[in-house]
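Engineer: Quick one: this structure, given as structure tokens, is what I'll be asking you about.
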Protein chains: 2
Amino acid sequence: MFIKILQRIVEESGGGIGAVLMGYDGIAIEQYFSPEEKLDLHMIAVEYANVLREIRRTAEILNLGDMEEVSIKTERYHIVVRIITADYFVAMTLRRDGNFGKARYLLTRETGNLLAALA
Amino acid sequence: MFIKILQRIVEESGGGIGAVLMGYDGIAIEQYFSPEEKLDLHMIAVEYANVLREIRRTAEILNLGDMEEVSIKTERYHIVVRIITADYFVAMTLRRDGNFGKARYLLTRETGNLLAALA
């Protein structure tokens, strides 16, 4: 169950706003949002899907090895993207004061479960 | 002195390969590489300058606040980019087993010194 996994990631991290499992084509499979949050993480993930494809392509050209994780810190948010397969990624948003390290750990921990659920 | 600051960041982080201070136009001001490393960080930074502009533009459109930091983890490397001004950023590369958290801390710590040196 994708939703359970996403919910676990958001709730166990400190300051988690939401998480979305999405294809590189910008189409979401599932998403979970913390009830009190209004931020449109779905829109963020759609907008950044193109950027992720570009980062991946550049990593291939430069022979850096497969892309595994991308994170973006802004004045207000942390966005952590974990690559799950060649087609899918999870994008998670935390408040800026959230626990970025724990979010990264939870995404890494749940990658195997998401892979199993996608299979 | 830019080179001293970059050298400090690379040497104090565990597993640092190099750091480059660069404009969004892909033109480097200064760079420092650990002597034993062969990775072309300059090329990586040039290639990703476009992606950074795109991430920044998207953050503006989505009202996420100013972009402060972007990191990319691949099979072999960590790349950490710290935004210094509207025109300049520092890109740093670490080996995958390097100390990502310390690199982020050092980049944050030295941002004020880089700002002062750019002024």
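Within each chain, counting starts at residue 1; across the structure tokens, chains are named A, B, ... in the order shown, with ligands numbered 1 upward in that order.
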Since chain A and chain B share a sequence, can you fit the second onto the first over all C-alpha atoms in order and output it as a JSON list (two decimals) with N, CA and C atoms, in the first residue's frame?
Structural biologist:
```json
[["chain", "number", "residue", "atom", "x", "y", "z"],
["B", 1, "MET", "N", 0.87, -1.16, 0.09],
["B", 1, "MET", "CA", 0.01, 0.03, 0.02],
["B", 1, "MET", "C", 0.86, 1.30, 0.01],
["B", 2, "PHE", "N", 0.87, 1.99, -1.10],
["B", 2, "PHE", "CA", 1.69, 3.19, -1.22],
["B", 2, "PHE", "C", 1.34, 4.23, -0.16],
["B", 3, "ILE", "N", 0.04, 4.43, 0.07],
["B", 3, "ILE", "CA", -0.38, 5.52, 0.95],
["B", 3, "ILE", "C", 0.14, 5.33, 2.37],
["B", 4, "LYS", "N", 0.17, 4.08, 2.84],
["B", 4, "LYS", "CA", 0.67, 3.79, 4.19],
["B", 4, "LYS", "C", 2.15, 4.14, 4.30],
["B", 5, "ILE", "N", 2.90, 3.80, 3.26],
["B", 5, "ILE", "CA", 4.34, 4.07, 3.28],
["B", 5, "ILE", "C", 4.58, 5.58, 3.27],
["B", 6, "LEU", "N", 3.86, 6.28, 2.41],
["B", 6, "LEU", "CA", 4.03, 7.73, 2.33],
["B", 6, "LEU", "C", 3.65, 8.41, 3.65],
["B", 7, "GLN", "N", 2.55, 7.94, 4.22],
["B", 7, "GLN", "CA", 2.09, 8.49, 5.49],
["B", 7, "GLN", "C", 3.14, 8.30, 6.59],
["B", 8, "ARG", "N", 3.72, 7.09, 6.61],
["B", 8, "ARG", "CA", 4.75, 6.78, 7.61],
["B", 8, "ARG", "C", 5.93, 7.73, 7.47],
["B", 9, "ILE", "N", 6.36, 7.98, 6.23],
["B", 9, "ILE", "CA", 7.50, 8.86, 6.00],
["B", 9, "ILE", "C", 7.18, 10.28, 6.50],
["B", 10, "VAL", "N", 5.98, 10.76, 6.17],
["B", 10, "VAL", "CA", 5.61, 12.13, 6.54],
["B", 10, "VAL", "C", 5.46, 12.26, 8.05],
["B", 11, "GLU", "N", 4.82, 11.27, 8.67],
["B", 11, "GLU", "CA", 4.52, 11.41, 10.09],
["B", 11, "GLU", "C", 5.73, 11.16, 10.98],
["B", 12, "GLU", "N", 6.63, 10.27, 10.55],
["B", 12, "GLU", "CA", 7.80, 9.97, 11.39],
["B", 12, "GLU", "C", 8.89, 11.03, 11.28],
["B", 13, "SER", "N", 8.92, 11.74, 10.16],
["B", 13, "SER", "CA", 9.91, 12.82, 10.03],
["B", 13, "SER", "C", 9.39, 14.00, 10.85],
["B", 14, "GLY", "N", 10.24, 14.79, 11.38],
["B", 14, "GLY", "CA", 9.81, 16.00, 12.08],
["B", 14, "GLY", "C", 9.53, 17.10, 11.06],
["B", 15, "GLY", "N", 8.34, 17.69, 11.11],
["B", 15, "GLY", "CA", 8.06, 18.82, 10.21],
["B", 15, "GLY", "C", 7.65, 18.42, 8.81],
["B", 16, "GLY", "N", 7.25, 17.15, 8.62],
["B", 16, "GLY", "CA", 6.85, 16.68, 7.28],
["B", 16, "GLY", "C", 5.52, 17.29, 6.84],
["B", 17, "ILE", "N", 5.47, 17.76, 5.61],
["B", 17, "ILE", "CA", 4.25, 18.36, 5.06],
["B", 17, "ILE", "C", 3.51, 17.36, 4.17],
["B", 18, "GLY", "N", 4.24, 16.65, 3.34],
["B", 18, "GLY", "CA", 3.60, 15.68, 2.46],
["B", 18, "GLY", "C", 4.63, 14.92, 1.65],
["B", 19, "ALA", "N", 4.17, 13.85, 1.01],
["B", 19, "ALA", "CA", 5.03, 13.05, 0.15],
["B", 19, "ALA", "C", 4.19, 12.54, -1.02],
["B", 20, "VAL", "N", 4.80, 12.50, -2.19],
["B", 20, "VAL", "CA", 4.10, 12.04, -3.38],
["B", 20, "VAL", "C", 4.98, 11.05, -4.14],
["B", 21, "LEU", "N", 4.40, 9.96, -4.57],
["B", 21, "LEU", "CA", 5.08, 8.98, -5.43],
["B", 21, "LEU", "C", 4.67, 9.29, -6.86],
["B", 22, "MET", "N", 5.64, 9.59, -7.70],
["B", 22, "MET", "CA", 5.32, 10.14, -9.01],
["B", 22, "MET", "C", 6.23, 9.57, -10.10],
["B", 23, "GLY", "N", 5.70, 9.52, -11.32],
["B", 23, "GLY", "CA", 6.52, 9.16, -12.46],
["B", 23, "GLY", "C", 7.27, 10.37, -13.00],
["B", 24, "TYR", "N", 8.33, 10.12, -13.74],
["B", 24, "TYR", "CA", 9.08, 11.22, -14.37],
["B", 24, "TYR", "C", 8.23, 11.98, -15.38],
["B", 25, "ASP", "N", 7.12, 11.37, -15.77],
["B", 25, "ASP", "CA", 6.20, 12.06, -16.67],
["B", 25, "ASP", "C", 5.29, 13.04, -15.93],
["B", 26, "GLY", "N", 5.46, 13.16, -14.59],
["B", 26, "GLY", "CA", 4.69, 14.12, -13.82],
["B", 26, "GLY", "C", 3.32, 13.61, -13.39],
["B", 27, "ILE", "N", 3.08, 12.32, -13.58],
["B", 27, "ILE", "CA", 1.79, 11.76, -13.17],
["B", 27, "ILE", "C", 1.97, 11.01, -11.85],
["B", 28, "ALA", "N", 1.19, 11.41, -10.83],
["B", 28, "ALA", "CA", 1.34, 10.85, -9.50],
["B", 28, "ALA", "C", 0.62, 9.51, -9.38],
["B", 29, "ILE", "N", 1.25, 8.58, -8.66],
["B", 29, "ILE", "CA", 0.59, 7.32, -8.32],
["B", 29, "ILE", "C", -0.20, 7.49, -7.04],
["B", 30, "GLU", "N", 0.42, 8.13, -6.06],
["B", 30, "GLU", "CA", -0.22, 8.28, -4.75],
["B", 30, "GLU", "C", 0.42, 9.45, -4.02],
["B", 31, "GLN", "N", -0.35, 10.05, -3.11],
["B", 31, "GLN", "CA", 0.22, 11.13, -2.30],
["B", 31, "GLN", "C", -0.41, 11.15, -0.92],
["B", 32, "TYR", "N", 0.37, 11.63, 0.03],
["B", 32, "TYR", "CA", -0.15, 11.80, 1.38],
["B", 32, "TYR", "C", 0.25, 13.18, 1.89],
["B", 33, "PHE", "N", -0.70, 13.92, 2.43],
["B", 33, "PHE", "CA", -0.42, 15.24, 2.99],
["B", 33, "PHE", "C", -0.83, 15.27, 4.45],
["B", 34, "SER", "N", 0.00, 15.90, 5.22],
["B", 34, "SER", "CA", -0.34, 16.17, 6.61],
["B", 34, "SER", "C", -1.60, 17.04, 6.61],
["B", 35, "PRO", "N", -2.61, 16.68, 7.43],
["B", 35, "PRO", "CA", -3.93, 17.32, 7.31],
["B", 35, "PRO", "C", -3.91, 18.84, 7.43],
["B", 36, "GLU", "N", -3.01, 19.39, 8.24],
["B", 36, "GLU", "CA", -3.08, 20.84, 8.47],
["B", 36, "GLU", "C", -2.33, 21.67, 7.42],
["B", 37, "GLU", "N", -1.73, 21.00, 6.44],
["B", 37, "GLU", "CA", -0.88, 21.75, 5.52],
["B", 37, "GLU", "C", -1.60, 22.09, 4.22],
["B", 38, "LYS", "N", -1.26, 23.27, 3.70],
["B", 38, "LYS", "CA", -1.93, 23.74, 2.50],
["B", 38, "LYS", "C", -1.04, 23.73, 1.25],
["B", 39, "LEU", "N", 0.27, 23.51, 1.45],
["B", 39, "LEU", "CA", 1.22, 23.59, 0.33],
["B", 39, "LEU", "C", 0.89, 22.56, -0.75],
["B", 40, "ASP", "N", 0.93, 22.98, -2.00],
["B", 40, "ASP", "CA", 0.60, 22.06, -3.09],
["B", 40, "ASP", "C", 1.85, 21.30, -3.56],
["B", 41, "LEU", "N", 2.16, 20.25, -2.81],
["B", 41, "LEU", "CA", 3.34, 19.44, -3.12],
["B", 41, "LEU", "C", 3.20, 18.76, -4.48],
["B", 42, "HIS", "N", 1.98, 18.41, -4.83],
["B", 42, "HIS", "CA", 1.77, 17.76, -6.11],
["B", 42, "HIS", "C", 2.24, 18.66, -7.25],
["B", 43, "MET", "N", 1.87, 19.93, -7.20],
["B", 43, "MET", "CA", 2.31, 20.89, -8.21],
["B", 43, "MET", "C", 3.83, 21.04, -8.22],
["B", 44, "ILE", "N", 4.43, 21.07, -7.02],
["B", 44, "ILE", "CA", 5.89, 21.18, -6.92],
["B", 44, "ILE", "C", 6.55, 19.99, -7.62],
["B", 45, "ALA", "N", 6.04, 18.79, -7.33],
["B", 45, "ALA", "CA", 6.64, 17.57, -7.90],
["B", 45, "ALA", "C", 6.49, 17.57, -9.42],
["B", 46, "VAL", "N", 5.33, 17.99, -9.92],
["B", 46, "VAL", "CA", 5.12, 18.04, -11.36],
["B", 46, "VAL", "C", 6.13, 19.00, -12.00],
["B", 47, "GLU", "N", 6.29, 20.17, -11.38],
["B", 47, "GLU", "CA", 7.19, 21.18, -11.94],
["B", 47, "GLU", "C", 8.65, 20.69, -11.94],
["B", 48, "TYR", "N", 9.01, 19.94, -10.88],
["B", 48, "TYR", "CA", 10.40, 19.51, -10.78],
["B", 48, "TYR", "C", 10.70, 18.20, -11.52],
["B", 49, "ALA", "N", 9.68, 17.52, -12.01],
["B", 49, "ALA", "CA", 9.92, 16.26, -12.72],
["B", 49, "ALA", "C", 10.84, 16.49, -13.93],
["B", 50, "ASN", "N", 10.61, 17.58, -14.63],
["B", 50, "ASN", "CA", 11.47, 17.93, -15.77],
["B", 50, "ASN", "C", 12.91, 18.18, -15.34],
["B", 51, "VAL", "N", 13.05, 18.91, -14.23],
["B", 51, "VAL", "CA", 14.39, 19.23, -13.73],
["B", 51, "VAL", "C", 15.11, 17.94, -13.34],
["B", 52, "LEU", "N", 14.38, 17.00, -12.73],
["B", 52, "LEU", "CA", 14.98, 15.73, -12.33],
["B", 52, "LEU", "C", 15.47, 14.94, -13.54],
["B", 53, "ARG", "N", 14.68, 14.96, -14.59],
["B", 53, "ARG", "CA", 15.11, 14.29, -15.83],
["B", 53, "ARG", "C", 16.41, 14.91, -16.34],
["B", 54, "GLU", "N", 16.48, 16.24, -16.24],
["B", 54, "GLU", "CA", 17.68, 16.95, -16.72],
["B", 54, "GLU", "C", 18.90, 16.62, -15.85],
["B", 55, "ILE", "N", 18.70, 16.57, -14.53],
["B", 55, "ILE", "CA", 19.79, 16.23, -13.61],
["B", 55, "ILE", "C", 20.28, 14.81, -13.91],
["B", 56, "ARG", "N", 19.33, 13.91, -14.13],
["B", 56, "ARG", "CA", 19.69, 12.52, -14.42],
["B", 56, "ARG", "C", 20.48, 12.39, -15.72],
["B", 57, "ARG", "N", 19.99, 13.11, -16.74],
["B", 57, "ARG", "CA", 20.65, 13.07, -18.04],
["B", 57, "ARG", "C", 22.09, 13.60, -17.92],
["B", 58, "THR", "N", 22.24, 14.69, -17.17],
["B", 58, "THR", "CA", 23.57, 15.29, -17.00],
["B", 58, "THR", "C", 24.48, 14.35, -16.23],
["B", 59, "ALA", "N", 23.95, 13.69, -15.20],
["B", 59, "ALA", "CA", 24.75, 12.73, -14.42],
["B", 59, "ALA", "C", 25.24, 11.59, -15.31],
["B", 60, "GLU", "N", 24.38, 11.17, -16.25],
["B", 60, "GLU", "CA", 24.77, 10.11, -17.19],
["B", 60, "GLU", "C", 25.89, 10.58, -18.11],
["B", 61, "ILE", "N", 25.71, 11.77, -18.67],
["B", 61, "ILE", "CA", 26.71, 12.32, -19.60],
["B", 61, "ILE", "C", 28.06, 12.45, -18.91],
["B", 62, "LEU", "N", 28.03, 12.90, -17.66],
["B", 62, "LEU", "CA", 29.27, 13.17, -16.93],
["B", 62, "LEU", "C", 29.82, 11.93, -16.21],
["B", 63, "ASN", "N", 29.09, 10.81, -16.37],
["B", 63, "ASN", "CA", 29.54, 9.56, -15.77],
["B", 63, "ASN", "C", 29.68, 9.64, -14.25],
["B", 64, "LEU", "N", 28.68, 10.24, -13.60],
["B", 64, "LEU", "CA", 28.70, 10.39, -12.15],
["B", 64, "LEU", "C", 28.06, 9.19, -11.45],
["B", 65, "GLY", "N", 27.51, 8.27, -12.22],
["B", 65, "GLY", "CA", 26.76, 7.15, -11.64],
["B", 65, "GLY", "C", 25.29, 7.50, -11.56],
["B", 66, "ASP", "N", 24.46, 6.51, -11.27],
["B", 66, "ASP", "CA", 23.02, 6.74, -11.21],
["B", 66, "ASP", "C", 22.65, 7.77, -10.14],
["B", 67, "MET", "N", 21.70, 8.63, -10.46],
["B", 67, "MET", "CA", 21.18, 9.60, -9.50],
["B", 67, "MET", "C", 20.35, 8.87, -8.44],
["B", 68, "GLU", "N", 20.57, 9.17, -7.18],
["B", 68, "GLU", "CA", 19.83, 8.50, -6.11],
["B", 68, "GLU", "C", 18.94, 9.44, -5.32],
["B", 69, "GLU", "N", 19.38, 10.67, -5.16],
["B", 69, "GLU", "CA", 18.65, 11.61, -4.30],
["B", 69, "GLU", "C", 18.97, 13.03, -4.72],
["B", 70, "VAL", "N", 17.97, 13.88, -4.67],
["B", 70, "VAL", "CA", 18.17, 15.31, -4.94],
["B", 70, "VAL", "C", 17.45, 16.07, -3.84],
["B", 71, "SER", "N", 18.10, 17.07, -3.27],
["B", 71, "SER", "CA", 17.37, 17.87, -2.29],
["B", 71, "SER", "C", 17.54, 19.35, -2.58],
["B", 72, "ILE", "N", 16.50, 20.09, -2.28],
["B", 72, "ILE", "CA", 16.46, 21.52, -2.55],
["B", 72, "ILE", "C", 16.01, 22.20, -1.26],
["B", 73, "LYS", "N", 16.81, 23.16, -0.83],
["B", 73, "LYS", "CA", 16.45, 23.91, 0.37],
["B", 73, "LYS", "C", 16.13, 25.34, -0.05],
["B", 74, "THR", "N", 15.00, 25.82, 0.35],
["B", 74, "THR", "CA", 14.64, 27.21, 0.07],
["B", 74, "THR", "C", 14.43, 27.94, 1.40],
["B", 75, "GLU", "N", 14.12, 29.22, 1.29],
["B", 75, "GLU", "CA", 13.83, 30.03, 2.49],
["B", 75, "GLU", "C", 12.79, 29.38, 3.39],
["B", 76, "ARG", "N", 11.84, 28.66, 2.79],
["B", 76, "ARG", "CA", 10.71, 28.15, 3.58],
["B", 76, "ARG", "C", 10.63, 26.63, 3.69],
["B", 77, "TYR", "N", 11.22, 25.91, 2.76],
["B", 77, "TYR", "CA", 11.01, 24.46, 2.73],
["B", 77, "TYR", "C", 12.29, 23.68, 2.41],
["B", 78, "HIS", "N", 12.24, 22.41, 2.80],
["B", 78, "HIS", "CA", 13.15, 21.40, 2.27],
["B", 78, "HIS", "C", 12.34, 20.49, 1.36],
["B", 79, "ILE", "N", 12.85, 20.24, 0.17],
["B", 79, "ILE", "CA", 12.24, 19.24, -0.71],
["B", 79, "ILE", "C", 13.28, 18.14, -0.89],
["B", 80, "VAL", "N", 12.91, 16.91, -0.58],
["B", 80, "VAL", "CA", 13.84, 15.79, -0.74],
["B", 80, "VAL", "C", 13.22, 14.82, -1.74],
["B", 81, "VAL", "N", 13.98, 14.50, -2.77],
["B", 81, "VAL", "CA", 13.50, 13.58, -3.80],
["B", 81, "VAL", "C", 14.36, 12.32, -3.76],
["B", 82, "ARG", "N", 13.70, 11.19, -3.63],
["B", 82, "ARG", "CA", 14.42, 9.93, -3.63],
["B", 82, "ARG", "C", 14.02, 9.15, -4.88],
["B", 83, "ILE", "N", 15.01, 8.73, -5.65],
["B", 83, "ILE", "CA", 14.74, 7.98, -6.86],
["B", 83, "ILE", "C", 14.42, 6.53, -6.47],
["B", 84, "ILE", "N", 13.32, 6.00, -6.99],
["B", 84, "ILE", "CA", 12.94, 4.63, -6.62],
["B", 84, "ILE", "C", 13.29, 3.66, -7.76],
["B", 85, "THR", "N", 12.87, 3.99, -8.97],
["B", 85, "THR", "CA", 13.21, 3.18, -10.15],
["B", 85, "THR", "C", 13.57, 4.13, -11.28],
["B", 86, "ALA", "N", 13.84, 3.56, -12.46],
["B", 86, "ALA", "CA", 14.12, 4.40, -13.63],
["B", 86, "ALA", "C", 12.91, 5.24, -14.01],
["B", 87, "ASP", "N", 11.72, 4.88, -13.53],
["B", 87, "ASP", "CA", 10.49, 5.60, -13.90],
["B", 87, "ASP", "C", 9.86, 6.41, -12.77],
["B", 88, "TYR", "N", 10.15, 6.06, -11.53],
["B", 88, "TYR", "CA", 9.43, 6.66, -10.40],
["B", 88, "TYR", "C", 10.34, 7.25, -9.33],
["B", 89, "PHE", "N", 9.84, 8.30, -8.69],
["B", 89, "PHE", "CA", 10.53, 8.90, -7.55],
["B", 89, "PHE", "C", 9.51, 9.28, -6.49],
["B", 90, "VAL", "N", 10.01, 9.52, -5.26],
["B", 90, "VAL", "CA", 9.18, 10.10, -4.20],
["B", 90, "VAL", "C", 9.70, 11.49, -3.91],
["B", 91, "ALA", "N", 8.81, 12.48, -3.91],
["B", 91, "ALA", "CA", 9.18, 13.83, -3.50],
["B", 91, "ALA", "C", 8.52, 14.11, -2.16],
["B", 92, "MET", "N", 9.31, 14.59, -1.23],
["B", 92, "MET", "CA", 8.79, 14.88, 0.10],
["B", 92, "MET", "C", 9.11, 16.32, 0.45],
["B", 93, "THR", "N", 8.18, 17.00, 1.09],
["B", 93, "THR", "CA", 8.44, 18.37, 1.53],
["B", 93, "THR", "C", 8.34, 18.46, 3.04],
["B", 94, "LEU", "N", 9.28, 19.18, 3.61],
["B", 94, "LEU", "CA", 9.30, 19.45, 5.05],
["B", 94, "LEU", "C", 9.31, 20.96, 5.25],
["B", 95, "ARG", "N", 8.82, 21.37, 6.41],
["B", 95, "ARG", "CA", 9.04, 22.75, 6.78],
["B", 95, "ARG", "C", 10.54, 22.96, 6.95],
["B", 96, "ARG", "N", 10.95, 24.19, 6.82],
["B", 96, "ARG", "CA", 12.36, 24.51, 6.88],
["B", 96, "ARG", "C", 13.00, 24.09, 8.19],
["B", 97, "ASP", "N", 12.21, 24.16, 9.28],
["B", 97, "ASP", "CA", 12.74, 23.77, 10.58],
["B", 97, "ASP", "C", 12.56, 22.26, 10.83],
["B", 98, "GLY", "N", 12.13, 21.52, 9.80],
["B", 98, "GLY", "CA", 11.94, 20.08, 9.93],
["B", 98, "GLY", "C", 13.26, 19.33, 9.98],
["B", 99, "ASN", "N", 13.16, 18.04, 10.24],
["B", 99, "ASN", "CA", 14.35, 17.20, 10.40],
["B", 99, "ASN", "C", 14.76, 16.59, 9.05],
["B", 100, "PHE", "N", 15.58, 17.34, 8.33],
["B", 100, "PHE", "CA", 16.04, 16.96, 6.99],
["B", 100, "PHE", "C", 16.77, 15.61, 7.01],
["B", 101, "GLY", "N", 17.65, 15.43, 7.99],
["B", 101, "GLY", "CA", 18.42, 14.19, 8.08],
["B", 101, "GLY", "C", 17.51, 12.97, 8.29],
["B", 102, "LYS", "N", 16.51, 13.14, 9.14],
["B", 102, "LYS", "CA", 15.59, 12.03, 9.40],
["B", 102, "LYS", "C", 14.74, 11.72, 8.16],
["B", 103, "ALA", "N", 14.33, 12.78, 7.47],
["B", 103, "ALA", "CA", 13.56, 12.57, 6.24],
["B", 103, "ALA", "C", 14.36, 11.76, 5.22],
["B", 104, "ARG", "N", 15.64, 12.10, 5.06],
["B", 104, "ARG", "CA", 16.49, 11.36, 4.13],
["B", 104, "ARG", "C", 16.61, 9.90, 4.57],
["B", 105, "TYR", "N", 16.78, 9.70, 5.88],
["B", 105, "TYR", "CA", 16.88, 8.33, 6.40],
["B", 105, "TYR", "C", 15.61, 7.54, 6.13],
["B", 106, "LEU", "N", 14.46, 8.16, 6.41],
["B", 106, "LEU", "CA", 13.18, 7.46, 6.22],
["B", 106, "LEU", "C", 12.95, 7.11, 4.75],
["B", 107, "LEU", "N", 13.29, 8.03, 3.86],
["B", 107, "LEU", "CA", 13.13, 7.76, 2.43],
["B", 107, "LEU", "C", 14.02, 6.60, 2.00],
["B", 108, "THR", "N", 15.24, 6.58, 2.52],
["B", 108, "THR", "CA", 16.15, 5.48, 2.20],
["B", 108, "THR", "C", 15.61, 4.16, 2.76],
["B", 109, "ARG", "N", 15.13, 4.22, 4.00],
["B", 109, "ARG", "CA", 14.61, 3.02, 4.66],
["B", 109, "ARG", "C", 13.41, 2.44, 3.91],
["B", 110, "GLU", "N", 12.53, 3.33, 3.40],
["B", 110, "GLU", "CA", 11.29, 2.86, 2.77],
["B", 110, "GLU", "C", 11.45, 2.57, 1.27],
["B", 111, "THR", "N", 12.61, 2.82, 0.71],
["B", 111, "THR", "CA", 12.81, 2.58, -0.72],
["B", 111, "THR", "C", 12.53, 1.12, -1.08],
["B", 112, "GLY", "N", 13.00, 0.20, -0.26],
["B", 112, "GLY", "CA", 12.76, -1.22, -0.51],
["B", 112, "GLY", "C", 11.27, -1.56, -0.50],
["B", 113, "ASN", "N", 10.53, -0.98, 0.45],
["B", 113, "ASN", "CA", 9.08, -1.22, 0.53],
["B", 113, "ASN", "C", 8.36, -0.65, -0.68],
["B", 114, "LEU", "N", 8.78, 0.52, -1.14],
["B", 114, "LEU", "CA", 8.16, 1.12, -2.32],
["B", 114, "LEU", "C", 8.46, 0.28, -3.56],
["B", 115, "LEU", "N", 9.71, -0.18, -3.65],
["B", 115, "LEU", "CA", 10.09, -1.06, -4.77],
["B", 115, "LEU", "C", 9.22, -2.31, -4.79],
["B", 116, "ALA", "N", 9.04, -2.90, -3.62],
["B", 116, "ALA", "CA", 8.22, -4.12, -3.51],
["B", 116, "ALA", "C", 6.77, -3.82, -3.91],
["B", 117, "ALA", "N", 6.26, -2.66, -3.48],
["B", 117, "ALA", "CA", 4.87, -2.31, -3.79],
["B", 117, "ALA", "C", 4.69, -1.99, -5.28],
["B", 118, "LEU", "N", 5.73, -1.51, -5.92],
["B", 118, "LEU", "CA", 5.67, -1.18, -7.35],
["B", 118, "LEU", "C", 5.79, -2.42, -8.22],
["B", 119, "ALA", "N", 6.36, -3.49, -7.66],
["B", 119, "ALA", "CA", 6.69, -4.67, -8.48],
["B", 119, "ALA", "C", 5.43, -5.45, -8.89]]
```
Engineer: So which bits of chain A end up alpha helix (DSSP H) when you DSSP the backbone, as a ChimeraX atom specification?
Structural biologist: /A:2-12,41-61,100-118
Engineer: Apply DSSP to the structure's backbone, then extract all residues of region 50-103 of chain A labelled strand (DSSP E) and return them as a list in words.
Structural biologist: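 Secondary structure check on region 50-103 of chain A, strand (DSSP E): Met67, Glu68, Glu69, Val70, Ser71, Ile72, Lys73, Thr74, Tyr77, His78, Ile79, Val80, Val81, Arg82, Ile83, Tyr88, Phe89, Val90, Ala91, Met92, Thr93, Leu94 and Arg95 of chain A.
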Engineer: Let me see the file: selected residues, C-alpha atoms, as a PDB file, in the first residue's frame.
Structural biologist:
```pdb
ATOM      1  CA  MET A  67      21.192   9.587  -9.512  1.00  0.00           C
ATOM      2  CA  GLU A  68      19.835   8.511  -6.115  1.00  0.00           C
ATOM      3  CA  GLU A  69      18.669  11.615  -4.311  1.00  0.00           C
ATOM      4  CA  VAL A  70      18.163  15.319  -4.933  1.00  0.00           C
ATOM      5  CA  SER A  71      17.366  17.877  -2.277  1.00  0.00           C
ATOM      6  CA  ILE A  72      16.451  21.520  -2.540  1.00  0.00           C
ATOM      7  CA  LYS A  73      16.457  23.914   0.386  1.00  0.00           C
ATOM      8  CA  THR A  74      14.635  27.210   0.080  1.00  0.00           C
ATOM      9  CA  TYR A  77      10.999  24.459   2.715  1.00  0.00           C
ATOM     10  CA  HIS A  78      13.153  21.402   2.278  1.00  0.00           C
ATOM     11  CA  ILE A  79      12.238  19.248  -0.706  1.00  0.00           C
ATOM     12  CA  VAL A  80      13.832  15.805  -0.735  1.00  0.00           C
ATOM     13  CA  VAL A  81      13.487  13.591  -3.810  1.00  0.00           C
ATOM     14  CA  ARG A  82      14.432   9.925  -3.629  1.00  0.00           C
ATOM     15  CA  ILE A  83      14.734   7.980  -6.861  1.00  0.00           C
ATOM     16  CA  TYR A  88       9.418   6.669 -10.396  1.00  0.00           C
ATOM     17  CA  PHE A  89      10.517   8.912  -7.553  1.00  0.00           C
ATOM     18  CA  VAL A  90       9.180  10.106  -4.205  1.00  0.00           C
ATOM     19  CA  ALA A  91       9.176  13.838  -3.503  1.00  0.00           C
ATOM     20  CA  MET A  92       8.799  14.891   0.086  1.00  0.00           C
ATOM     21  CA  THR A  93       8.422  18.379   1.526  1.00  0.00           C
ATOM     22  CA  LEU A  94       9.296  19.454   5.043  1.00  0.00           C
ATOM     23  CA  ARG A  95       9.038  22.757   6.776  1.00  0.00           C
TER      24      ARG A  95
END
```
